[in-house]
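Let me begin by presenting the structure, written as structure tokens, before commenting on it.
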There are 6 protein chains.
Amino acid sequence: MTVVVTNTPRTPLALVDEFAGLGVATIHEAQGRTGLLHHRLRPIYRPIHVSGTALTCEVAPGDNWSIHVAAEQARPGDVLVVTPTSPCDDGYFGELLATSLRARGVRGLVIDAGVRDVAELTAMGFPVWSKAISAQGTVKETPGNVQTPIVVAGQRVEPGDVIVADGDGVVVVARARAEEVLAASRAREQNEAAKRARLAAGELGLDLYAMRERLAERGLTYREHDGA
Amino acid sequence: MTVVVTNTPRTPLALVDEFAGLGVATIHEAQGRTGLLHHRLRPIYRPIHVSGTALTCEVAPGDNWSIHVAAEQARPGDVLVVTPTSPCDDGYFGELLATSLRARGVRGLVIDAGVRDVAELTAMGFPVWSKAISAQGTVKETPGNVQTPIVVAGQRVEPGDVIVADGDGVVVVARARAEEVLAASRAREQNEAAKRARLAAGELGLDLYAMRERLAERGLTYREHDGA
Amino acid sequence: MTVVVTNTPRTPLALVDEFAGLGVATIHEAQGRTGLLHHRLRPIYRPIHVSGTALTCEVAPGDNWSIHVAAEQARPGDVLVVTPTSPCDDGYFGELLATSLRARGVRGLVIDAGVRDVAELTAMGFPVWSKAISAQGTVKETPGNVQTPIVVAGQRVEPGDVIVADGDGVVVVARARAEEVLAASRAREQNEAAKRARLAAGELGLDLYAMRERLAERGLTYREHDGA
Amino acid sequence: MTVVVTNTPRTPLALVDEFAGLGVATIHEAQGRTGLLHHRLRPIYRPIHVSGTALTCEVAPGDNWSIHVAAEQARPGDVLVVTPTSPCDDGYFGELLATSLRARGVRGLVIDAGVRDVAELTAMGFPVWSKAISAQGTVKETPGNVQTPIVVAGQRVEPGDVIVADGDGVVVVARARAEEVLAASRAREQNEAAKRARLAAGELGLDLYAMRERLAERGLTYREHDGA
Amino acid sequence: MTVVVTNTPRTPLALVDEFAGLGVATIHEAQGRTGLLHHRLRPIYRPIHVSGTALTCEVAPGDNWSIHVAAEQARPGDVLVVTPTSPCDDGYFGELLATSLRARGVRGLVIDAGVRDVAELTAMGFPVWSKAISAQGTVKETPGNVQTPIVVAGQRVEPGDVIVADGDGVVVVARARAEEVLAASRAREQNEAAKRARLAAGELGLDLYAMRERLAERGLTYREHDGA
Amino acid sequence: MTVVVTNTPRTPLALVDEFAGLGVATIHEAQGRTGLLHHRLRPIYRPIHVSGTALTCEVAPGDNWSIHVAAEQARPGDVLVVTPTSPCDDGYFGELLATSLRARGVRGLVIDAGVRDVAELTAMGFPVWSKAISAQGTVKETPGNVQTPIVVAGQRVEPGDVIVADGDGVVVVARARAEEVLAASRAREQNEAAKRARLAAGELGLDLYAMRERLAERGLTYREHDGA
């Protein structure tokens with residue numbers, strides 16, 4: 001019943017690496033406000049940024065066995081994405097696993113559960129987004145699926161999808177849409193650069209975005225303070 | 001029904017700036033332990049400190065339209081204070097709005113909801129206290145009141161009140177009481193400096209505050225350990 | 001009914017100081033995964049580490065009186081451990097108390113409630129693990145027990161037990177077991193150092209820990225991706 | 001510094017009693033979606049409904065002294081509204097206080113903290129909305145203000161305002177607006193009765209509210225399932 | 001960008017109705033412990049049970065417009081399943097919508113957000129599982145997708161899947177697996193009936209499940225109490 | 001390392017049964033406000049009451065194996081008390097286990113985790129206090145200690161202690177103190193009956209408890225409303 005799917009296709013790394021300079025908020029917007037994982041996933045240090053291909057892994061509560069199984073499936077450029085089969089805050093992941101994964105080319109970890117050894121992970125510069133920090137260890141009794149589609153922190157992630165994460169959170173981009181979303185993200189970024197300059201010069205968003213008429217239609221009225 | 005009140009009175013900036021060296025805990029104590037916003041509002045970086053006049057703004061859930069409206073009402077020295085009409089963790093505010101507000105002289109943001117672009121906001125040194133960090137964007141469909149009295153994180157804030165925020169949280173000082181609270185805060189600070197020196201020298205709070213008799217009245221007893 | 005127990009025995013400081021180089025996760029594992037306080041206790045800054053002997057203190061909700069009582073019982077090498085008699089997030093502890101405790105040789109604070117003056121505590125390098133940060137002050141009306149056994153964040157702590165805390169959380173080691181746990185922690189650390197080197201060289205945990213056979217017994221199967 | 005304000009004006013009871021048949025959601029809508037207390041306040045039993053005039057009371061954390069003070073200020077038709085000066089889940093209120101308040105004509109309790117004796121309160125039919133249920137008792141050391149304006153669960157409540165609460169939550173109607181809001185609530189109720197009949201007969205909201213054109217403008221499109 | 005998919009296939013109602021006598025825990029087990037929605041979704045009354053076909057609907061935060069759109073797509077036997085595009089506790093759904101949906105044959109509601117009019121919904125016997133109860137109303141400004149695959153409370157739900165919900169929570173059964181899961185659920189139920197009789201007669205699970213040997217292998221030991 | 005302690009002493013059942021008519025709040029007060037479990041433990045139905053002797057059990061996260069082990073140790077009059085070694089909301093316990101435990105004379109369950117089959121447990125009248133309700137099942141891979149001292153929901157419980165639970169929560173009374181606490185609880189109850197009659201007759205707590213002088217000392221002042 002528990003399965004490891006091998007040789008799953010991945011978004012080409014050359015394409016994934018183009019996401020390196022882009023923020024999660026920008027990408028999320030560029031793909032129509034989809035794909036954002038729940039903000040309970042927080043980075044363990046800042047500043048922080050990663051982009052890579054999803055290496056997916058399910059774990060039983062309090063059991064990190066399948067992370068070891070996943071390590072063998074890793075390819076350079078992967079980001080490990082872990083979801084528990086029921087909610088759990090234990091420390092599934094620490095320095096030893098990070099050392100192993102880094103040796104296999106894994107770039108970071110996204111986990112809807114807890115991690116530990118955060119001092120060592122920070123010193124290593126191994127980027128992690130987690131729901132909790134807890135020294136509570138886990139057992140190795142029940143393996144879970146590796147490299148199957150999973151739901152993590154409210155989003156469906158398929159093996160090989162693009163994962164981008166930064167100080168704002170984590171977003172998934174479907175493999176099939178990666179090129180299109182990259183282009184849209186860049187367009188958005190250029191558009192924002194132009195707006196930023198005008199706003200920095202003191203122009204109001206009300207004018208820049210031509211909002212005044214629509215606000216009036218929605219019943220917004222201005223009233224001088226009565227001086228009391 | 002939705003209103004923007006213009007030209008609301010503000011605490012004089014010269015007076016507001018006197019709060020710059022004072023901590024939130026000190027001010028909160030000095031005004032009789034009132035005015036503290038709920039501690040779910042956390043700073044996005046540390047160390048951090050701001051003092052300014054409240055520019056108030058209500059927002060609908062998932063809708064940041066009125067922040068753009070508020071920007072036009074800003075005066076140098078303001079701190080934007082935003083409350084949602086129902087609880088929401090979306091990222092209402094990011095780098096572009098911060099750029100716009102800074103250009104208008106706004107000193108920081110206090111929001112009982114989420115923000116995004118925290119890496120950029122940190123790099124800018126734009127101080128923010130928020131309930132959440134989330135890349136989730138917002139729409140512009142429903143404007144809210146600007147510069148009316150609001151309840152934010154459990155406290156009533158009126159436009160022009162003094163807002164002071166630091167690593168411990170956010171406190172509001174009513175405009176009418178600003179002078180009195182400033183004086184009381186300073187007195188408290190001087191008092192603490194004297195106590196600090198004595199405590200640092202090893203004097204006990206029990207003696208410094210003459211607590212022993214009252215503790216005995218309350219039934220506190222001392223018992224030698226039985227050695228087991 | 002409220003009692004201060006004096007001259008409670010403590011784990012010898014020479015022994016306690018041997019824990020200085022050890023992580024909370026390691027110690028927690030080494031003593032059979034017991035003694036870990038709930039991970040809602042978080043450090044106020046990072047990196048951070050402390051080891052010391054427990055100076056225990058109960059406080060009423062919103063009342064920090066017994067912390068002053070505890071200060072008199074402090075001995076060099078103690079870590080103050082505070083639990084409220086009912087859940088409370090108020091700021092029980094700030095710079096003045098830290099100054100006083102440091103003058104008495106106390107090394108840090110573990111509290112299942114709130115603290116304030118975090119900027120000052122950080123500047124002092126006074127390590128604190130707390131459930132909340134809040135400027136909300138407390139009163140001095142109801143004393144609580146000092147140096148009695150307490151339950152704090154889900155663990156029983158006796159006066160004089162060893163407390164070790166770092167970026168991962170807080171663990172208590174019973175006085176009677178300190179020597180044994182220290183030895184087991186060191187053995188574990190050496191064992192991990194050997195594994196770390198092999199994992200860093202690319203060896204898989206599956207092989208290092210000889211997991212393959214047992215995984216197969218548990219029904220783990222491998223399936224080539226179907227290419228769709 | 002702590003004050004009891006006597007003889008505060010109240011909304012006339014005849015007017016208050018007109019709210020008896022109205023739901024909280026209806027009233028909240030009728031007054032422009034304002035005045036709703038945070039939904040963390042839940043009823044201790046169902047079905048449940050109360051309307052009355054606010055008798056306001058601040059309490060220190062873990063201290064219910066001022067509820068006794070408030071009892072003396074009660075008038076028939078009041079609903080006691082209690083807010084702690086910092087968050088607390090203790091059981092501030094039980095059967096004895098309910099017995100006392102009922103003898104003074106108080107109709108129910110709204111409290112942003114905990115209560116106890118819920119079996120007895122349910123048997124008495126004394127309606128309570130609270131944030132928690134906890135047997136944890138409170139002390140009587142620090143009185144709080146009675147019959148002053150307070151912020152409770154995110155809303156400002158003035159003594160004598162109308163409080164209506166039911167299975168959906170708690171709403172406050174300002175004394176000055178009571179008549180107007182009552183009329184608007186009734187109008188809304190009649191309007192809903194007409195709609196209910198049409199919807200029960202199978203008419204769609206899309207038609208009843210003429211939404212189709214506006215949905216199309218917003219880009220809503222229909223697509224036949226592809227049969228896969 | 002926003003789409004309504006029409007004429008989506010559904011699990012045959014005759015098959016769905018076979019689930020009527022089965023509990024959520026049984027079905028969840030029978031399909032290999034998959035498909036359970038997060039337990040933050042709670043029923044508004046008890047006892048409660050529903051089975052039906054998923055009618056899926058995305059809503060913007062604080063905006064219930066697409067529920068009206070979904071009503072038109074309803075077929076008898078559907079259960080409406082609603083997920084917000086970002087977390088929100090507002091009361092999206094009340095008596096009028098329930099009246100409309102019931103008239104269209106909809107059997108109940110599963111929503112990862114808030115509902116209101118719970119007294120009326122209870123009186124109607126309209127079963128609802130929600131994350132919150134809140135009188136806070138919603139607007140109609142931003143439509144969302146209807147009858148597309150969604151992620152709700154951590155699970156992927158496709159239109160036409162089987163939804164079963166009871167006092168324990170909510171489970172989704174994929175359309176393609178409905179027959180197989182039904183058979184497995186029944187087998188499980190019969191198996192449990194046999195076990196129940198033996199356990200009721202006092203037989204121990206240790207013997208019934210032949211656990212003693214395996215427990216000993218895992219190191220479980222028995223020790224007589226020392227009598228202290 | 002994992003142990004089952006057999007033949008642990010228990011509070012005599014005749015004594016335990018004397019607690020049957022007493023409320024948790026009363027007992028908690030009578031033993032000096034100690035022994036109350038955290039109020040996150042809620043009953044699955046109301047009204048509800050149980051008293052019995054603690055049968056203690058530790059469970060791994062997501063693993064209920066030791067509950068089966070505990071069943072063998074049960075004696076008539078026991079209440080099963082379960083604590084997870086790390087926080088977990090899974091459904092550890094359902095109808096089959098309740099059937100088994102009832103056959104062994106167990107009176108109820110207190111668990112700092114989740115349960116399932118609440119409809120069946122309610123129909124059986126098997127009283128349960130839990131942190132969560134969840135259909136998520138558990139595995140049987142890691143046994144935990146049975147009949148050893150545990151910390152559950154913040155309190156230390158020893159095998160054979162008295163457990164009393166009702167609609168307000170759960171309290172533990174140490175075996176050695178059971179007689180004394182029973183006497184104090186009854187005294188308290190009689191005292192309250194006398195007070196209840198006076199309060200029901202309209203006497204104020206201010207007078208009954210002679211609070212007026214002490215309130216004045218604490219600075220409470222009365223001020224007539226200014227009529228504005």
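Chain identifiers are assigned as A, B, and so on, following the order in which chains appear in the structure tokens; residues are numbered from 1 within each chain, and ligands are numbered from 1 in order of appearance.
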
Could you give me, as JSON lines, a per-residue list for chain D showing, wherever an atom lies at most 7 Å from an atom of chain C, the closest pair of atoms and their distance in Å to one decimal, using only C-alpha atoms and sorting by chain then residue number from low to high?
{"residue": "D:Pro61", "atom": "CA", "partner": "C:Gly62", "partner_atom": "CA", "distance": 5.5}
{"residue": "D:Gly62", "atom": "CA", "partner": "C:Pro61", "partner_atom": "CA", "distance": 5.5}
{"residue": "D:Ser86", "atom": "CA", "partner": "C:Asp90", "partner_atom": "CA", "distance": 6.9}
{"residue": "D:Pro87", "atom": "CA", "partner": "C:Cys88", "partner_atom": "CA", "distance": 6.9}
{"residue": "D:Cys88", "atom": "CA", "partner": "C:Cys88", "partner_atom": "CA", "distance": 5.9}
{"residue": "D:Asp90", "atom": "CA", "partner": "C:Ser86", "partner_atom": "CA", "distance": 6.9}
{"residue": "D:Glu141", "atom": "CA", "partner": "C:Glu141", "partner_atom": "CA", "distance": 6.4}

| request: Enumerate as a ChimeraX atom specification all residues of segment 11-221 of chain B assigned to strand (DSSP E) by DSSP on the backbone, naming them with the chain letters and numbers the document uses. | output: /B:42-43,49-59,78-84,108-115,128-133,150-152,155-157,162-166,169-173,220-221

Restricted to N, CA and C atoms, what would the selected residues look like written as a short mmCIF file (atom, residue, chain, number, x, y, z; two decimals), in the first residue's frame?
data_model
loop_
_atom_site.label_atom_id
_atom_site.label_comp_id
_atom_site.auth_asym_id
_atom_site.auth_seq_id
_atom_site.Cartn_x
_atom_site.Cartn_y
_atom_site.Cartn_z
N ARG B 42 2.95 41.49 16.31
CA ARG B 42 4.39 41.31 16.51
C ARG B 42 5.17 42.11 15.48
N PRO B 43 6.37 42.60 15.86
CA PRO B 43 7.21 43.30 14.88
C PRO B 43 7.78 42.32 13.85
N HIS B 49 11.60 50.39 16.70
CA HIS B 49 10.92 51.38 17.54
C HIS B 49 10.29 52.43 16.64
N VAL B 50 9.09 52.86 16.97
CA VAL B 50 8.49 53.97 16.23
C VAL B 50 7.58 54.75 17.17
N SER B 51 7.49 56.04 16.92
CA SER B 51 6.42 56.83 17.55
C SER B 51 5.85 57.76 16.50
N GLY B 52 4.53 57.96 16.55
CA GLY B 52 3.90 58.81 15.55
C GLY B 52 2.44 59.03 15.88
N THR B 53 1.75 59.72 14.96
CA THR B 53 0.32 59.99 15.16
C THR B 53 -0.50 59.01 14.35
N ALA B 54 -1.60 58.54 14.95
CA ALA B 54 -2.41 57.50 14.32
C ALA B 54 -3.15 58.02 13.09
N LEU B 55 -2.95 57.32 11.98
CA LEU B 55 -3.74 57.50 10.76
C LEU B 55 -4.57 56.24 10.67
N THR B 56 -5.88 56.32 10.94
CA THR B 56 -6.68 55.10 11.11
C THR B 56 -7.38 54.67 9.84
N CYS B 57 -7.62 53.38 9.74
CA CYS B 57 -8.10 52.82 8.48
C CYS B 57 -8.78 51.48 8.76
N GLU B 58 -10.02 51.33 8.33
CA GLU B 58 -10.70 50.03 8.38
C GLU B 58 -10.62 49.35 7.01
N VAL B 59 -10.44 48.03 7.04
CA VAL B 59 -10.41 47.30 5.77
C VAL B 59 -11.38 46.12 5.84
N ASP B 78 2.89 60.49 10.73
CA ASP B 78 1.82 59.52 10.99
C ASP B 78 2.35 58.08 11.05
N VAL B 79 1.63 57.26 11.82
CA VAL B 79 1.78 55.81 11.76
C VAL B 79 0.43 55.26 11.31
N LEU B 80 0.44 54.46 10.25
CA LEU B 80 -0.82 53.91 9.76
C LEU B 80 -1.29 52.79 10.68
N VAL B 81 -2.56 52.84 11.09
CA VAL B 81 -3.13 51.84 12.00
C VAL B 81 -4.34 51.23 11.30
N VAL B 82 -4.27 49.92 11.03
CA VAL B 82 -5.28 49.27 10.19
C VAL B 82 -5.96 48.14 10.96
N THR B 83 -7.30 48.10 10.89
CA THR B 83 -8.05 47.01 11.52
C THR B 83 -9.03 46.43 10.52
N PRO B 84 -9.11 45.10 10.43
CA PRO B 84 -10.08 44.50 9.52
C PRO B 84 -11.45 44.44 10.17
N GLY B 108 5.48 54.20 9.85
CA GLY B 108 5.39 52.76 10.10
C GLY B 108 3.95 52.31 10.01
N LEU B 109 3.76 51.01 10.28
CA LEU B 109 2.44 50.39 10.14
C LEU B 109 2.15 49.51 11.34
N VAL B 110 0.91 49.61 11.83
CA VAL B 110 0.38 48.70 12.85
C VAL B 110 -0.89 48.10 12.25
N ILE B 111 -0.94 46.77 12.09
CA ILE B 111 -2.07 46.16 11.40
C ILE B 111 -2.47 44.85 12.08
N ASP B 112 -3.77 44.71 12.38
CA ASP B 112 -4.27 43.48 13.01
C ASP B 112 -4.67 42.49 11.91
N ALA B 113 -3.71 42.21 11.02
CA ALA B 113 -3.93 41.31 9.88
C ALA B 113 -2.54 40.96 9.37
N GLY B 114 -2.44 40.49 8.12
CA GLY B 114 -1.15 40.06 7.61
C GLY B 114 -0.48 41.09 6.71
N VAL B 115 0.83 40.92 6.53
CA VAL B 115 1.62 41.72 5.59
C VAL B 115 2.50 40.79 4.76
N VAL B 128 7.04 47.55 10.96
CA VAL B 128 5.68 47.00 10.85
C VAL B 128 5.42 46.07 12.03
N TRP B 129 4.22 46.21 12.61
CA TRP B 129 3.71 45.26 13.60
C TRP B 129 2.46 44.63 13.00
N SER B 130 2.42 43.31 12.92
CA SER B 130 1.28 42.66 12.28
C SER B 130 0.90 41.38 13.01
N LYS B 131 -0.27 40.84 12.69
CA LYS B 131 -0.74 39.60 13.28
C LYS B 131 -0.21 38.39 12.54
N ALA B 132 0.14 38.58 11.26
CA ALA B 132 0.57 37.45 10.45
C ALA B 132 1.47 37.95 9.35
N ILE B 133 2.22 37.01 8.77
CA ILE B 133 2.97 37.27 7.54
C ILE B 133 2.41 36.30 6.52
N ILE B 150 -11.45 53.74 15.64
CA ILE B 150 -11.53 52.30 15.38
C ILE B 150 -11.16 51.52 16.64
N VAL B 151 -11.53 50.25 16.66
CA VAL B 151 -11.01 49.32 17.66
C VAL B 151 -10.02 48.41 16.94
N VAL B 152 -8.79 48.38 17.42
CA VAL B 152 -7.76 47.57 16.77
C VAL B 152 -7.05 46.73 17.84
N GLN B 155 -8.11 47.64 21.38
CA GLN B 155 -8.02 49.00 21.91
C GLN B 155 -8.69 50.00 20.97
N ARG B 156 -9.30 51.00 21.56
CA ARG B 156 -9.87 52.07 20.75
C ARG B 156 -8.77 53.06 20.39
N VAL B 157 -8.68 53.39 19.11
CA VAL B 157 -7.69 54.37 18.63
C VAL B 157 -8.43 55.45 17.86
N VAL B 162 -1.39 59.31 19.88
CA VAL B 162 0.01 58.91 19.77
C VAL B 162 0.09 57.37 19.75
N ILE B 163 0.85 56.86 18.81
CA ILE B 163 1.15 55.43 18.73
C ILE B 163 2.64 55.25 19.02
N VAL B 164 2.98 54.40 19.96
CA VAL B 164 4.38 54.04 20.19
C VAL B 164 4.46 52.51 20.13
N ALA B 165 5.48 52.01 19.43
CA ALA B 165 5.62 50.56 19.28
C ALA B 165 7.09 50.20 19.33
N ASP B 166 7.36 49.04 19.95
CA ASP B 166 8.74 48.54 19.98
C ASP B 166 8.72 47.02 20.02
N GLY B 169 5.61 45.43 21.80
CA GLY B 169 4.25 45.57 21.34
C GLY B 169 3.92 46.99 20.96
N VAL B 170 2.63 47.33 21.05
CA VAL B 170 2.12 48.61 20.57
C VAL B 170 1.21 49.22 21.63
N VAL B 171 1.38 50.52 21.90
CA VAL B 171 0.52 51.20 22.85
C VAL B 171 -0.04 52.47 22.21
N VAL B 172 -1.28 52.79 22.59
CA VAL B 172 -1.87 54.05 22.11
C VAL B 172 -2.03 54.99 23.30
N VAL B 173 -1.70 56.26 23.06
CA VAL B 173 -1.88 57.31 24.07
C VAL B 173 -2.86 58.31 23.50
N LEU B 220 2.78 33.92 53.55
CA LEU B 220 3.97 33.28 53.01
C LEU B 220 4.86 32.79 54.16
N THR B 221 5.22 31.53 54.11
CA THR B 221 6.08 30.98 55.17
C THR B 221 7.32 30.35 54.55
#

| request: Enumerate the residues of segment 41-222 of chain C with a DSSP assignment of alpha helix (DSSP H), computed from the backbone, and present them as JSON, numbers by chain. | output: {"C": [65, 66, 67, 68, 69, 70, 71, 72, 73, 95, 96, 97, 98, 99, 100, 101, 102, 103, 118, 119, 120, 121, 122, 123, 124, 178, 179, 180, 181, 182, 183, 184, 185, 186, 187, 188, 189, 190, 191, 192, 193, 194, 195, 196, 197, 198, 199, 200, 205, 206, 207, 208, 212, 213, 214, 215, 216, 217]}

| task | Might you pull out every residue within 10 Å of Leu208 of chain F, with only C-alpha atoms counted and same-chain residues fewer than 3 positions away left off, and present them as a PyMOL selection string? | result | chain F and resi 195+198-199+203-205+211

| task | Fewer than 4 positions away in the same chain doesn't count, so skip those; otherwise give me all residues within 8 Å of Ala153 of chain E, counting only C-alpha atoms, as a list in words. | result | Gly154 of chain A; Leu37, His38, Arg40, Leu41, Thr83 and Asp112 of chain E

| request: For segment 175-179 of chain B, list every protein, DNA or RNA residue within 6 Å, evaluated using only C-alpha atoms, and leave out those in the same chain fewer than 2 positions away; present the list as a list of chain:residue names. | output: B:Thr11, B:Asp161, B:Val181, B:Leu182

Would you mind exporting C-alpha atoms of the selected residues as a compact mmCIF listing (two decimals), in the first residue's frame?
# COMPACT_ATOMS: atom_id res chain seq x y z
CA THR B 11 -1.04 65.42 18.61
CA ASP B 161 -3.62 59.74 19.00
CA VAL B 181 1.59 60.53 29.94
CA LEU B 182 4.93 61.75 28.59

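The space between atom CA of Leu206 of chain C and atom CA of Glu213 of chain E spans 27.3 Å.
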
| note | Between F:Val69, F:Leu96, F:Ala197, F:Ala14, smallest distance to Arg212 of chain E by only C-alpha atoms belongs to F:Val69

| request: Tell me, as a list of chain:residue names, which residues lie within 12 Å of Glu120 of chain F, counting only C-alpha atoms; anything in the same chain fewer than 4 positions away does not count. | output: E:Gly23, E:Ala25, E:Arg46, E:Pro47, E:Ile48, E:Asp166, E:Gly167, E:Asp168, F:Ile44, F:Tyr45, F:Phe93, F:Gly94, F:Glu95, F:Leu96, F:Leu97, F:Ala98, F:Thr99, F:Val115, F:Arg116, F:Met124, F:Gly125, F:Phe126, F:Pro127, F:Val128

For C-alpha atoms, I'd like the residues from the last selection saved as an mmCIF file, in the first residue's frame.
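Result written to result.cif:
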data_model
loop_
_atom_site.group_PDB
_atom_site.id
_atom_site.type_symbol
_atom_site.label_atom_id
_atom_site.label_comp_id
_atom_site.auth_asym_id
_atom_site.auth_seq_id
_atom_site.Cartn_x
_atom_site.Cartn_y
_atom_site.Cartn_z
ATOM 1 C CA GLY E 23 -19.508 6.150 10.056
ATOM 2 C CA ALA E 25 -14.134 6.667 10.990
ATOM 3 C CA ARG E 46 -25.457 16.336 17.167
ATOM 4 C CA PRO E 47 -26.439 13.626 16.395
ATOM 5 C CA ILE E 48 -25.818 14.314 12.731
ATOM 6 C CA ASP E 166 -20.984 12.671 11.020
ATOM 7 C CA GLY E 167 -20.166 13.618 14.610
ATOM 8 C CA ASP E 168 -16.525 12.630 14.083
ATOM 9 C CA ILE F 44 -17.970 15.040 24.463
ATOM 10 C CA TYR F 45 -21.524 15.451 25.776
ATOM 11 C CA PHE F 93 -10.156 5.879 21.198
ATOM 12 C CA GLY F 94 -13.553 4.793 19.920
ATOM 13 C CA GLU F 95 -16.501 2.515 20.483
ATOM 14 C CA LEU F 96 -14.616 -0.797 20.503
ATOM 15 C CA LEU F 97 -12.183 0.294 23.181
ATOM 16 C CA ALA F 98 -15.030 1.775 25.200
ATOM 17 C CA THR F 99 -16.887 -1.523 24.973
ATOM 18 C CA VAL F 115 -11.245 10.512 20.220
ATOM 19 C CA ARG F 116 -13.724 9.247 17.619
ATOM 20 C CA MET F 124 -23.445 4.254 25.319
ATOM 21 C CA GLY F 125 -23.242 6.986 27.968
ATOM 22 C CA PHE F 126 -19.496 6.411 28.191
ATOM 23 C CA PRO F 127 -18.101 9.712 29.549
ATOM 24 C CA VAL F 128 -15.054 11.134 27.759
#
